[in-house]
>>> print(open('start14.txt').read())   # compact mmCIF, C-alpha atoms and all ligand atoms
# COMPACT_ATOMS: atom_id res chain seq x y z
CA MET A 1 -25.76 121.29 69.55
CA GLU A 2 -26.06 122.08 65.86
CA SER A 3 -24.38 119.58 63.49
CA LEU A 4 -23.13 120.83 60.16
CA SER A 5 -24.01 119.01 56.92
CA VAL A 6 -21.27 117.01 55.23
CA GLU A 7 -21.13 119.46 52.31
CA ALA A 8 -20.93 122.53 54.56
CA ALA A 9 -18.21 120.92 56.66
CA LEU A 10 -16.07 120.09 53.64
CA GLN A 11 -16.64 123.53 52.17
CA GLY A 12 -15.75 125.13 55.53
CA ILE A 13 -12.43 123.28 55.57
CA LEU A 14 -11.40 123.80 51.95
CA ALA A 15 -12.32 127.50 51.96
CA ARG A 16 -9.74 128.03 54.71
CA ILE A 17 -6.86 126.15 53.11
CA GLN A 18 -4.45 127.46 50.50
CA PRO A 19 -1.42 125.67 49.04
CA LEU A 20 1.76 126.06 51.11
CA PRO A 21 4.24 128.57 49.64
CA ALA A 22 6.30 127.11 46.80
CA ARG A 23 9.92 126.23 47.37
CA GLY A 24 12.73 125.82 44.83
CA THR A 25 13.64 122.17 45.23
CA ALA A 26 16.44 120.00 43.88
CA LEU A 27 14.98 117.90 41.06
CA ASP A 28 15.67 114.58 42.78
CA GLU A 29 13.89 115.80 45.92
CA ALA A 30 10.79 116.82 43.95
CA LEU A 31 9.41 113.30 43.48
CA GLY A 32 5.82 113.12 44.77
CA ARG A 33 5.47 116.89 45.08
CA VAL A 34 3.28 119.16 42.95
CA LEU A 35 4.64 121.78 40.55
CA ALA A 36 3.86 125.30 41.70
CA GLU A 37 4.38 126.86 38.24
CA ASP A 38 4.14 125.90 34.57
CA ILE A 39 7.53 124.67 33.37
CA HIS A 40 8.62 125.94 29.93
CA ALA A 41 11.29 124.20 27.90
CA THR A 42 14.24 126.51 27.26
CA GLU A 43 15.65 124.27 24.55
CA ASN A 44 14.65 121.69 21.95
CA LEU A 45 14.60 118.01 22.75
CA PRO A 46 16.41 116.30 21.12
CA PRO A 47 18.77 119.29 20.91
CA PHE A 48 20.21 118.14 17.53
CA PRO A 49 19.11 115.67 14.81
CA ASN A 50 20.50 112.21 15.54
CA SER A 51 20.35 108.58 14.55
CA ALA A 52 17.74 106.23 16.03
CA VAL A 53 19.78 103.10 15.19
CA ASP A 54 23.31 101.82 14.76
CA GLY A 55 23.94 101.80 11.00
CA PHE A 56 24.92 103.95 8.04
CA ALA A 57 23.86 107.50 7.23
CA VAL A 58 23.21 107.75 3.49
CA ARG A 59 21.36 109.55 0.68
CA ALA A 60 17.97 107.97 -0.14
CA ALA A 61 18.56 108.03 -3.91
CA ASP A 62 21.60 105.76 -3.49
CA LEU A 63 19.30 102.95 -2.22
CA ALA A 64 16.71 103.19 -5.02
CA THR A 65 17.59 99.83 -6.60
CA ALA A 66 19.18 98.06 -3.61
CA THR A 67 18.16 94.41 -3.03
CA ARG A 68 19.79 91.42 -1.38
CA GLU A 69 20.88 90.17 -4.84
CA HIS A 70 21.99 93.58 -6.10
CA PRO A 71 23.13 95.60 -3.08
CA ALA A 72 24.07 99.26 -3.28
CA HIS A 73 27.83 99.72 -2.83
CA LEU A 74 28.75 102.89 -0.94
CA LYS A 75 32.07 104.32 0.22
CA VAL A 76 32.38 104.69 4.02
CA LEU A 77 33.75 108.18 4.65
CA ALA A 78 34.06 108.12 8.45
CA ASP A 79 32.82 106.80 11.78
CA ALA A 80 30.38 108.83 13.90
CA PRO A 81 30.15 107.42 17.43
CA ALA A 82 27.64 109.01 19.88
CA GLY A 83 29.01 112.07 21.65
CA THR A 84 31.32 113.24 18.84
CA VAL A 85 31.10 116.25 16.58
CA VAL A 86 29.97 115.86 12.99
CA CYS A 87 32.85 114.55 10.87
CA CYS A 88 31.92 115.28 7.27
CA GLU A 89 29.08 115.52 4.78
CA VAL A 90 27.19 112.54 3.36
CA VAL A 91 27.62 113.03 -0.38
CA PRO A 92 26.03 110.89 -3.13
CA GLY A 93 27.62 107.46 -3.36
CA ALA A 94 28.95 107.65 0.21
CA ALA A 95 27.96 106.69 3.74
CA VAL A 96 28.98 107.49 7.32
CA ARG A 97 29.04 104.66 9.87
CA ILE A 98 26.90 106.05 12.69
CA MET A 99 25.84 104.96 16.18
CA THR A 100 22.51 105.50 17.97
CA GLY A 101 22.33 109.04 19.34
CA ALA A 102 25.15 110.43 17.20
CA GLU A 103 24.45 113.74 15.46
CA LEU A 104 23.46 113.26 11.82
CA PRO A 105 26.09 114.51 9.36
CA PRO A 106 24.79 117.06 6.84
CA GLY A 107 23.29 115.43 3.76
CA THR A 108 21.88 112.44 5.71
CA GLU A 109 18.45 111.46 4.39
CA VAL A 110 18.05 108.03 5.95
CA VAL A 111 19.98 105.76 8.31
CA VAL A 112 20.20 102.10 7.26
CA PRO A 113 20.24 99.74 10.26
CA VAL A 114 23.43 97.69 10.47
CA GLU A 115 21.32 94.50 10.15
CA GLU A 116 20.48 95.48 6.53
CA THR A 117 24.13 95.83 5.55
CA SER A 118 27.47 94.12 5.22
CA SER A 119 30.62 96.19 5.48
CA THR A 120 34.39 96.41 5.48
CA PRO A 121 36.12 99.44 7.00
CA GLY A 122 36.08 101.29 3.64
CA GLU A 123 32.84 100.06 2.01
CA VAL A 124 29.27 99.13 2.87
CA GLN A 125 26.76 97.06 0.92
CA VAL A 126 23.11 97.92 1.55
CA PHE A 127 20.54 95.18 0.91
CA ARG A 128 17.32 97.16 1.02
CA CYS A 129 15.72 100.25 -0.39
CA LEU A 130 14.68 102.52 2.51
CA GLY A 131 12.78 105.80 2.04
CA ALA A 132 14.02 109.19 3.18
CA GLY A 133 13.35 110.04 6.83
CA LEU A 134 13.63 106.55 8.30
CA ASN A 135 15.53 106.03 11.56
CA LEU A 136 16.13 109.75 12.08
CA ARG A 137 15.26 111.74 15.19
CA LEU A 138 14.66 115.40 14.43
CA ALA A 139 15.67 118.27 16.67
CA GLY A 140 12.68 119.32 18.79
CA GLU A 141 10.51 116.34 17.77
CA ASP A 142 10.01 115.49 21.46
CA VAL A 143 9.80 118.98 22.97
CA ARG A 144 10.02 122.40 21.27
CA ALA A 145 11.83 125.25 22.99
CA GLY A 146 9.24 127.53 24.64
CA GLU A 147 6.58 124.84 25.00
CA VAL A 148 5.00 124.11 28.42
CA VAL A 149 6.23 120.62 29.33
CA ALA A 150 4.50 120.33 32.71
CA GLU A 151 1.68 122.45 34.09
CA ARG A 152 1.23 123.92 37.53
CA GLY A 153 -0.56 121.33 39.67
CA THR A 154 1.19 118.37 38.01
CA LEU A 155 2.34 115.61 40.34
CA VAL A 156 6.08 115.10 39.86
CA ARG A 157 6.51 111.45 38.93
CA PRO A 158 9.62 109.67 37.66
CA ALA A 159 8.60 110.59 34.08
CA GLU A 160 8.55 114.32 34.91
CA ILE A 161 11.93 114.04 36.66
CA GLY A 162 13.47 112.37 33.60
CA LEU A 163 12.07 114.92 31.16
CA LEU A 164 13.07 117.91 33.29
CA ALA A 165 16.58 116.50 33.69
CA ALA A 166 16.82 116.09 29.89
CA LEU A 167 15.93 119.78 29.62
CA GLY A 168 18.55 120.83 32.15
CA ARG A 169 16.20 121.73 35.04
CA VAL A 170 18.06 120.77 38.20
CA GLU A 171 15.75 122.77 40.47
CA VAL A 172 11.98 123.14 40.26
CA PRO A 173 9.39 125.17 42.18
CA VAL A 174 7.18 122.73 44.06
CA VAL A 175 4.79 122.86 46.97
CA PRO A 176 6.55 121.27 49.94
CA ALA A 177 5.11 118.35 51.87
CA PRO A 178 3.21 119.55 54.93
CA ARG A 179 4.30 118.24 58.32
CA VAL A 180 1.27 116.65 59.91
CA ALA A 181 1.29 116.08 63.68
CA VAL A 182 -0.76 113.15 64.93
CA LEU A 183 -1.68 113.29 68.62
CA THR A 184 -3.52 110.32 70.03
CA THR A 185 -5.18 110.70 73.41
CA GLY A 186 -6.49 108.16 75.87
CA ALA A 187 -5.30 106.63 79.13
CA GLU A 188 -6.42 103.20 77.87
CA LEU A 189 -3.87 103.12 75.02
CA VAL A 190 -0.52 101.32 74.87
CA GLU A 191 2.09 100.95 72.11
CA ALA A 192 1.27 98.41 69.41
CA GLY A 193 4.36 96.42 70.43
CA HIS A 194 3.26 96.18 74.08
CA LYS A 195 0.93 93.71 75.74
CA PRO A 196 -2.09 95.63 77.02
CA GLY A 197 -2.79 95.42 80.74
CA PRO A 198 -6.30 95.13 82.20
CA GLY A 199 -8.65 97.63 80.55
CA GLN A 200 -6.03 98.68 78.01
CA ILE A 201 -5.99 98.44 74.22
CA ARG A 202 -3.30 99.05 71.64
CA ASP A 203 -3.00 102.44 69.95
CA ALA A 204 -4.13 101.50 66.45
CA ASN A 205 -4.74 105.03 65.27
CA ILE A 206 -1.25 106.50 65.58
CA HIS A 207 -0.24 103.89 63.00
CA GLY A 208 -3.40 103.90 60.87
CA LEU A 209 -3.60 107.68 60.67
CA GLY A 210 0.15 107.95 60.23
CA ALA A 211 -0.11 105.63 57.25
CA GLN A 212 -2.96 107.70 55.81
CA VAL A 213 -0.83 110.84 56.17
CA ARG A 214 2.07 109.21 54.35
CA ALA A 215 -0.18 107.66 51.70
CA ALA A 216 -1.48 111.16 50.97
CA GLY A 217 2.12 112.32 50.35
CA ALA A 218 2.52 114.37 53.54
CA LEU A 219 5.10 114.04 56.34
CA PHE A 220 3.88 112.11 59.35
CA GLN A 221 5.10 113.58 62.65
CA PRO A 222 4.12 111.15 65.40
CA PHE A 223 3.80 112.67 68.87
CA PRO A 224 4.00 110.85 72.19
CA ARG A 225 0.56 109.68 73.27
CA VAL A 226 -1.22 112.32 75.30
CA PRO A 227 -2.63 111.43 78.73
CA ASP A 228 -6.20 112.61 79.41
CA THR A 229 -5.27 115.67 81.49
CA ARG A 230 -5.74 119.36 80.67
CA GLU A 231 -2.05 120.12 81.10
CA ALA A 232 -0.86 117.26 78.89
CA VAL A 233 -3.33 118.07 76.10
CA GLU A 234 -2.37 121.76 76.19
CA GLU A 235 1.35 121.07 76.15
CA ALA A 236 1.03 118.62 73.24
CA LEU A 237 -1.09 121.04 71.20
CA ARG A 238 1.38 123.88 71.78
CA GLN A 239 4.27 121.69 70.66
CA ALA A 240 2.42 120.40 67.63
CA ILE A 241 1.25 123.78 66.37
CA GLY A 242 4.72 125.22 66.89
CA THR A 243 6.46 122.61 64.77
CA CYS A 244 3.94 121.38 62.19
CA ASP A 245 1.69 122.69 59.38
CA VAL A 246 -1.38 120.63 60.28
CA VAL A 247 -2.44 119.00 63.54
CA LEU A 248 -4.63 115.92 63.83
CA THR A 249 -5.86 115.18 67.31
CA ASN A 250 -7.44 111.80 67.82
CA GLY A 251 -9.91 110.86 70.51
CA GLY A 252 -11.00 112.95 73.44
CA VAL A 253 -13.24 115.13 71.27
CA SER A 254 -16.58 113.87 72.52
CA VAL A 255 -18.26 115.12 75.65
CA GLY A 256 -16.87 112.45 78.00
CA ASP A 257 -15.51 113.56 81.37
CA TYR A 258 -11.92 113.18 80.15
CA ASP A 259 -12.36 114.74 76.71
CA PHE A 260 -10.17 117.84 76.94
CA VAL A 261 -9.32 118.56 73.31
CA ARG A 262 -12.12 121.02 72.63
CA GLU A 263 -11.80 123.06 75.78
CA THR A 264 -8.04 123.23 75.39
CA LEU A 265 -8.28 124.43 71.80
CA ASP A 266 -10.76 127.05 73.01
CA ARG A 267 -8.44 128.15 75.76
CA LEU A 268 -5.53 128.44 73.32
CA GLY A 269 -7.65 130.83 71.24
CA ALA A 270 -8.35 128.52 68.29
CA GLU A 271 -11.19 129.54 65.95
CA PRO A 272 -13.76 126.73 65.81
CA VAL A 273 -15.01 126.36 62.24
CA PHE A 274 -17.32 123.50 63.23
CA ILE A 275 -17.47 121.03 66.06
CA GLN A 276 -19.91 118.40 64.83
CA VAL A 277 -21.01 116.96 61.51
CA ALA A 278 -24.35 115.31 60.74
CA GLN A 279 -22.82 111.99 59.76
CA LYS A 280 -22.33 108.44 60.95
CA PRO A 281 -19.64 107.49 61.70
CA GLY A 282 -17.71 110.66 62.56
CA ARG A 283 -20.22 112.90 64.30
CA PRO A 284 -17.60 114.37 66.71
CA LEU A 285 -15.37 115.59 63.86
CA SER A 286 -14.26 119.16 64.54
CA PHE A 287 -12.17 121.64 62.60
CA TRP A 288 -10.28 124.61 63.98
CA LEU A 289 -7.73 127.20 62.99
CA LEU A 290 -4.98 127.71 65.54
CA GLN A 291 -2.37 130.35 64.67
CA GLY A 292 -3.78 130.16 61.14
CA LYS A 293 -3.03 126.43 60.88
CA PRO A 294 -5.65 123.72 60.36
CA VAL A 295 -6.42 121.50 63.33
CA PHE A 296 -8.69 118.48 62.87
CA GLY A 297 -10.30 116.96 65.94
CA LEU A 298 -10.77 113.37 64.80
CA PRO A 299 -12.96 110.93 66.70
CA GLY A 300 -11.16 108.20 68.63
CA ASN A 301 -13.11 105.27 67.22
CA PRO A 302 -10.73 103.80 64.67
CA VAL A 303 -13.19 103.51 61.78
CA ALA A 304 -14.59 106.97 62.39
CA ALA A 305 -11.04 108.37 62.45
CA MET A 306 -10.08 106.69 59.18
CA VAL A 307 -13.29 107.59 57.38
CA CYS A 308 -13.00 111.23 58.49
CA PHE A 309 -9.38 111.31 57.35
CA GLU A 310 -10.35 109.92 53.97
CA LEU A 311 -13.30 112.24 53.40
CA TYR A 312 -12.06 115.50 54.96
CA VAL A 313 -8.38 115.48 55.90
CA ARG A 314 -7.07 113.94 52.69
CA PRO A 315 -8.73 116.48 50.34
CA ALA A 316 -7.49 119.25 52.67
CA LEU A 317 -3.92 117.93 52.60
CA ARG A 318 -4.11 117.66 48.83
CA LYS A 319 -5.19 121.28 48.53
CA LEU A 320 -2.36 122.28 50.87
CA MET A 321 0.05 120.30 48.67
CA GLY A 322 -1.06 122.12 45.49
CA HIS A 323 -3.03 119.33 43.85
CA ILE A 324 -5.84 120.36 41.50
CA ALA A 325 -7.77 117.08 41.86
CA LEU A 326 -8.87 116.73 45.48
CA PHE A 327 -11.44 113.94 45.41
CA ARG A 328 -11.50 110.21 44.73
CA PRO A 329 -13.45 109.04 41.70
CA LYS A 330 -17.18 108.75 42.37
CA GLY A 331 -19.69 106.46 40.76
CA THR A 332 -23.08 104.91 41.22
CA ALA A 333 -23.54 101.37 42.50
CA LYS A 334 -26.54 99.23 43.40
CA LEU A 335 -26.79 98.20 47.04
CA ALA A 336 -26.46 94.43 47.41
CA GLU A 337 -28.68 94.37 50.52
CA ASP A 338 -31.33 96.51 52.19
CA TYR A 339 -30.04 99.32 54.40
CA ARG A 340 -32.06 100.50 57.38
CA LYS A 341 -32.01 104.16 58.33
CA GLY A 342 -34.56 105.82 60.58
CA PRO A 343 -36.91 108.25 58.80
CA LYS A 344 -35.99 111.04 61.24
CA ASP A 345 -32.26 110.36 61.05
CA ALA A 346 -30.93 113.41 59.18
CA ARG A 347 -27.29 112.28 59.12
CA THR A 348 -25.30 111.11 56.11
CA HIS A 349 -24.30 107.49 56.68
CA TRP A 350 -20.99 106.23 55.33
CA LEU A 351 -20.81 102.48 54.65
CA ARG A 352 -17.63 100.50 54.10
CA VAL A 353 -18.35 98.51 50.98
CA ARG A 354 -16.72 96.40 48.34
CA VAL A 355 -17.66 97.59 44.86
CA GLN A 356 -17.64 94.92 42.20
CA VAL A 357 -18.54 94.92 38.54
CA SER A 358 -21.55 92.80 37.61
CA PRO A 359 -23.37 92.31 34.29
CA ASP A 360 -25.83 95.07 35.23
CA GLY A 361 -23.31 97.58 36.57
CA TRP A 362 -21.52 98.15 39.85
CA VAL A 363 -22.74 96.46 43.00
CA ALA A 364 -21.80 97.63 46.53
CA THR A 365 -21.71 94.95 49.23
CA ARG A 366 -21.21 95.90 52.87
CA THR A 367 -17.97 94.49 54.29
CA GLY A 368 -19.50 93.45 57.59
CA PRO A 369 -20.84 95.15 60.71
CA GLN A 370 -20.64 98.92 60.40
CA GLY A 371 -19.89 99.86 64.04
CA SER A 372 -17.33 102.67 64.24
CA GLY A 373 -14.84 100.42 66.03
CA ILE A 374 -14.95 97.55 63.49
CA LEU A 375 -11.59 98.08 61.78
CA SER A 376 -11.82 94.86 59.77
CA SER A 377 -14.68 96.47 57.83
CA MET A 378 -12.07 98.94 56.49
CA THR A 379 -9.52 96.36 55.40
CA LYS A 380 -12.09 94.51 53.29
CA SER A 381 -13.47 97.63 51.60
CA ASN A 382 -12.46 99.40 48.41
CA ALA A 383 -15.07 102.15 48.60
CA ILE A 384 -17.26 104.20 50.90
CA ALA A 385 -20.94 104.32 50.01
CA GLU A 386 -22.91 107.46 50.79
CA ILE A 387 -26.41 107.08 52.24
CA PRO A 388 -27.91 110.58 51.88
CA ALA A 389 -28.88 112.58 54.96
CA LEU A 390 -32.35 113.18 53.56
CA GLY A 391 -34.35 110.01 53.04
CA GLY A 392 -34.74 106.86 55.05
CA SER A 393 -34.03 103.19 54.42
CA LEU A 394 -32.88 101.88 51.07
CA LYS A 395 -33.82 98.61 49.42
CA ALA A 396 -31.41 96.19 47.78
CA GLY A 397 -30.90 97.27 44.17
CA GLU A 398 -31.32 100.98 44.89
CA ALA A 399 -28.52 103.23 43.63
CA VAL A 400 -26.03 104.93 45.94
CA THR A 401 -22.99 107.10 45.33
CA VAL A 402 -19.71 105.32 46.03
CA HIS A 403 -16.31 106.95 46.62
CA LEU A 404 -13.61 104.67 45.24
CA THR A 405 -11.00 104.89 47.99
CA ASP A 406 -8.40 102.68 46.30
CA GLN A 407 -8.31 104.88 43.16
CA PRO A 408 -6.30 108.08 42.68
CA GLU A 409 -8.17 111.39 42.82
CA ASP A 410 -9.73 112.57 39.55
CA HIS A 411 -11.63 115.76 40.39
P1 LIG B 501 -12.73 108.80 72.52
O1 LIG B 501 -13.08 109.60 71.31
O2 LIG B 501 -11.42 109.20 73.10
O3 LIG B 501 -13.83 108.81 73.51
O4 LIG B 501 -12.54 107.31 72.02
C1 LIG B 501 -13.63 106.59 71.45
C2 LIG B 501 -13.29 105.12 71.32
O5 LIG B 501 -12.16 104.93 70.47
C3 LIG B 501 -12.89 104.46 72.62
O6 LIG B 501 -13.41 103.15 72.63
C4 LIG B 501 -11.39 104.44 72.57
O7 LIG B 501 -10.83 103.43 73.36
C5 LIG B 501 -11.13 104.21 71.12
N1 LIG B 501 -9.85 104.80 70.74
C6 LIG B 501 -9.51 106.07 70.97
N2 LIG B 501 -8.27 106.31 70.51
C7 LIG B 501 -7.83 105.14 69.97
C8 LIG B 501 -6.60 104.75 69.35
N3 LIG B 501 -5.61 105.62 69.17
N4 LIG B 501 -6.49 103.49 68.92
C9 LIG B 501 -7.51 102.60 69.10
N5 LIG B 501 -8.69 102.92 69.66
C10 LIG B 501 -8.85 104.18 70.12
MG MG B 502 -10.44 108.91 74.81
>>> encode(input="start14.txt", output="structure tokens", more="lines below")
Ligand code: AMP
Ligand code: MG
Amino acid sequence: MESLSVEAALQGILARIQPLPARGTALDEALGRVLAEDIHATENLPPFPNSAVDGFAVRAADLATATREHPAHLKVLADAPAGTVVCCEVVPGAAVRIMTGAELPPGTEVVVPVEETSSTPGEVQVFRCLGAGLNLRLAGEDVRAGEVVAERGTLVRPAEIGLLAALGRVEVPVVPAPRVAVLTTGAELVEAGHKPGPGQIRDANIHGLGAQVRAAGALFQPFPRVPDTREAVEEALRQAIGTCDVVLTNGGVSVGDYDFVRETLDRLGAEPVFIQVAQKPGRPLSFWLLQGKPVFGLPGNPVAAMVCFELYVRPALRKLMGHIALFRPKGTAKLAEDYRKGPKDARTHWLRVRVQVSPDGWVATRTGPQGSGILSSMTKSNAIAEIPALGGSLKAGEAVTVHLTDQPEDH
């Protein structure tokens, strides 16, 4: 059976995925989502000129000779607490007692912080000469009306929520979080909280994959584990495709006697985009469209499942969620040890590695045995190193591309 190259497989997936339709969403619900449109400010921020400190609004010329020994004496005309309307004009020889955030009275050239003054209700002494413009916030100095404050494709973080609230946006168009069904298959599996009987193991992947789904910002929809029968696999797939935006099946995609995922997808009329990739781990990765929705057939081996999620499912979910940057940062690191790969082996090998900075650049050290069931090799890694499909063994010190899986996407 023909295996697709890594690049062709990724391309095949991404070419078939478009962002989910945007939805007007309450601002507080938009955290972690991606903006579907540019957001323009409809007003200035700040909306009016105001004081940056608690103090006295004055004319600059009145402070020209002020010192601690010879303070300027000014008449206090009024109080301007925050949230009130402007009381009067600051005329020469006078001051207005003003609080942080209060609108500047006309005539204000500078606000003297209260720490530089001494006052009675009717008079203030100013001990320092301050130039015009100090401690003032001008209308529109933060954001100008009409300006784009957040572009399409921006991740909505707390900072975006705060700014949009300041501008009066209580609803924003964002791409909703996709619901991602995770179906694990295998008669040998039991719940993580149960003691396995003879021949049984715990279902690690429903939790590991579920966590990857949530870490990507999507909604994890766990499904009851699927027994290895045609009927059970078909029923679970029907349910999942009917209620979710993406389906991840796990296990049962090889050619074992009880591997029913492929034939069931076929029977349900799914379009197979590819059913094998020239890579290790993760050769049995398959990708389908069922009722127009993406279905990933992930291998059952826990490391293979996680690596395939990281390299294929995560970029696909990000595209579906409207992100512009789909891929983790890449770099070049020197292999710490030799790596053996047969000269006729035309698969890309993915190694779990720890990338560390050394005086002569990044070094990638394998995190232990690389078997596709060795989950501890994942927990110790911070990157996946790519051993190219073309070319054989590599010597220690040779350069490889590393995908930094603990870092946010940058391209
Ligand atoms: P399969 O692809 O179903 O043939 O599974 C390949 C290997 O992965 C077998 O050793 C399975 O026991 C193991 N495996 C499959 N699914 C899981 C799972 N959800 N959690 C842990 N191991 C699994
Ligand atoms: Mg199985």
>>> residues_around(input="start14.txt", residues="Asn382 of chain A", least_positions_apart="6", cutoff="6 Å", atoms="all atoms listed in the file", output="VMD selection string")
chain A and resid 354 405 to 406
>>> closest_atom_pairs(input="start14.txt", of="chain A", to="ligand MG 502 (chain B)", cutoff="12 Å", atoms="all atoms listed in the file", output="JSON lines")
{"residue": "A:Leu183", "atom": "CA", "partner": "B:MG502", "partner_atom": "MG", "distance": 11.6}
{"residue": "A:Thr184", "atom": "CA", "partner": "B:MG502", "partner_atom": "MG", "distance": 8.5}
{"residue": "A:Thr185", "atom": "CA", "partner": "B:MG502", "partner_atom": "MG", "distance": 5.7}
{"residue": "A:Gly186", "atom": "CA", "partner": "B:MG502", "partner_atom": "MG", "distance": 4.2}
{"residue": "A:Ala187", "atom": "CA", "partner": "B:MG502", "partner_atom": "MG", "distance": 7.1}
{"residue": "A:Glu188", "atom": "CA", "partner": "B:MG502", "partner_atom": "MG", "distance": 7.6}
{"residue": "A:Leu189", "atom": "CA", "partner": "B:MG502", "partner_atom": "MG", "distance": 8.8}
{"residue": "A:Gln200", "atom": "CA", "partner": "B:MG502", "partner_atom": "MG", "distance": 11.6}
{"residue": "A:Ile201", "atom": "CA", "partner": "B:MG502", "partner_atom": "MG", "distance": 11.4}
{"residue": "A:Asp203", "atom": "CA", "partner": "B:MG502", "partner_atom": "MG", "distance": 11.0}
{"residue": "A:Asn205", "atom": "CA", "partner": "B:MG502", "partner_atom": "MG", "distance": 11.8}
{"residue": "A:Arg225", "atom": "CA", "partner": "B:MG502", "partner_atom": "MG", "distance": 11.1}
{"residue": "A:Val226", "atom": "CA", "partner": "B:MG502", "partner_atom": "MG", "distance": 9.8}
{"residue": "A:Pro227", "atom": "CA", "partner": "B:MG502", "partner_atom": "MG", "distance": 9.1}
{"residue": "A:Asp228", "atom": "CA", "partner": "B:MG502", "partner_atom": "MG", "distance": 7.3}
{"residue": "A:Thr229", "atom": "CA", "partner": "B:MG502", "partner_atom": "MG", "distance": 10.8}
{"residue": "A:Val233", "atom": "CA", "partner": "B:MG502", "partner_atom": "MG", "distance": 11.7}
{"residue": "A:Thr249", "atom": "CA", "partner": "B:MG502", "partner_atom": "MG", "distance": 10.8}
{"residue": "A:Asn250", "atom": "CA", "partner": "B:MG502", "partner_atom": "MG", "distance": 8.1}
{"residue": "A:Gly251", "atom": "CA", "partner": "B:MG502", "partner_atom": "MG", "distance": 4.8}
{"residue": "A:Gly252", "atom": "CA", "partner": "B:MG502", "partner_atom": "MG", "distance": 4.3}
{"residue": "A:Val253", "atom": "CA", "partner": "B:MG502", "partner_atom": "MG", "distance": 7.7}
{"residue": "A:Ser254", "atom": "CA", "partner": "B:MG502", "partner_atom": "MG", "distance": 8.2}
{"residue": "A:Val255", "atom": "CA", "partner": "B:MG502", "partner_atom": "MG", "distance": 10.0}
{"residue": "A:Gly256", "atom": "CA", "partner": "B:MG502", "partner_atom": "MG", "distance": 8.0}
{"residue": "A:Asp257", "atom": "CA", "partner": "B:MG502", "partner_atom": "MG", "distance": 9.5}
{"residue": "A:Tyr258", "atom": "CA", "partner": "B:MG502", "partner_atom": "MG", "distance": 7.0}
{"residue": "A:Asp259", "atom": "CA", "partner": "B:MG502", "partner_atom": "MG", "distance": 6.4}
{"residue": "A:Phe260", "atom": "CA", "partner": "B:MG502", "partner_atom": "MG", "distance": 9.2}
{"residue": "A:Val261", "atom": "CA", "partner": "B:MG502", "partner_atom": "MG", "distance": 9.8}
{"residue": "A:Gly297", "atom": "CA", "partner": "B:MG502", "partner_atom": "MG", "distance": 12.0}
{"residue": "A:Leu298", "atom": "CA", "partner": "B:MG502", "partner_atom": "MG", "distance": 11.0}
{"residue": "A:Pro299", "atom": "CA", "partner": "B:MG502", "partner_atom": "MG", "distance": 8.7}
{"residue": "A:Gly300", "atom": "CA", "partner": "B:MG502", "partner_atom": "MG", "distance": 6.3}
{"residue": "A:Asn301", "atom": "CA", "partner": "B:MG502", "partner_atom": "MG", "distance": 8.8}
{"residue": "A:Pro302", "atom": "CA", "partner": "B:MG502", "partner_atom": "MG", "distance": 11.4}
>>> write_last_selection(input="start14.txt", atoms="C-alpha atoms", output="JSON list (two decimals), in the frame of the given file")
[["chain", "number", "residue", "atom", "x", "y", "z"],
["A", 183, "LEU", "CA", -1.68, 113.29, 68.62],
["A", 184, "THR", "CA", -3.52, 110.32, 70.03],
["A", 185, "THR", "CA", -5.18, 110.70, 73.41],
["A", 186, "GLY", "CA", -6.49, 108.16, 75.87],
["A", 187, "ALA", "CA", -5.30, 106.63, 79.13],
["A", 188, "GLU", "CA", -6.42, 103.20, 77.87],
["A", 189, "LEU", "CA", -3.87, 103.12, 75.02],
["A", 200, "GLN", "CA", -6.03, 98.68, 78.01],
["A", 201, "ILE", "CA", -5.99, 98.44, 74.22],
["A", 203, "ASP", "CA", -3.00, 102.44, 69.95],
["A", 205, "ASN", "CA", -4.74, 105.03, 65.27],
["A", 225, "ARG", "CA", 0.56, 109.68, 73.27],
["A", 226, "VAL", "CA", -1.22, 112.32, 75.30],
["A", 227, "PRO", "CA", -2.63, 111.43, 78.73],
["A", 228, "ASP", "CA", -6.20, 112.61, 79.41],
["A", 229, "THR", "CA", -5.27, 115.67, 81.49],
["A", 233, "VAL", "CA", -3.33, 118.07, 76.10],
["A", 249, "THR", "CA", -5.86, 115.18, 67.31],
["A", 250, "ASN", "CA", -7.44, 111.80, 67.82],
["A", 251, "GLY", "CA", -9.91, 110.86, 70.51],
["A", 252, "GLY", "CA", -11.00, 112.95, 73.44],
["A", 253, "VAL", "CA", -13.24, 115.13, 71.27],
["A", 254, "SER", "CA", -16.58, 113.87, 72.52],
["A", 255, "VAL", "CA", -18.26, 115.12, 75.65],
["A", 256, "GLY", "CA", -16.87, 112.45, 78.00],
["A", 257, "ASP", "CA", -15.51, 113.56, 81.37],
["A", 258, "TYR", "CA", -11.92, 113.18, 80.15],
["A", 259, "ASP", "CA", -12.36, 114.74, 76.71],
["A", 260, "PHE", "CA", -10.17, 117.84, 76.94],
["A", 261, "VAL", "CA", -9.32, 118.56, 73.31],
["A", 297, "GLY", "CA", -10.30, 116.96, 65.94],
["A", 298, "LEU", "CA", -10.77, 113.37, 64.80],
["A", 299, "PRO", "CA", -12.96, 110.93, 66.70],
["A", 300, "GLY", "CA", -11.16, 108.20, 68.63],
["A", 301, "ASN", "CA", -13.11, 105.27, 67.22],
["A", 302, "PRO", "CA", -10.73, 103.80, 64.67]]
>>> closest_residue(input="start14.txt", among="A:Ala396, A:Ala215, A:Leu248, A:Leu404", to="ligand LIG 501 (chain B)", atoms="only C-alpha atoms and all ligand atoms")
A:Leu248
>>> residues_near_point(input="start14.txt", point="(-12.0, 106.9, 40.5)", cutoff="8 Å", atoms="all atoms listed in the file", output="list of chain:residue names")
A:Arg328, A:Pro329, A:Lys330, A:Gly331, A:His403, A:Leu404, A:Thr405, A:Gln407, A:Pro408, A:Glu409, A:Asp410
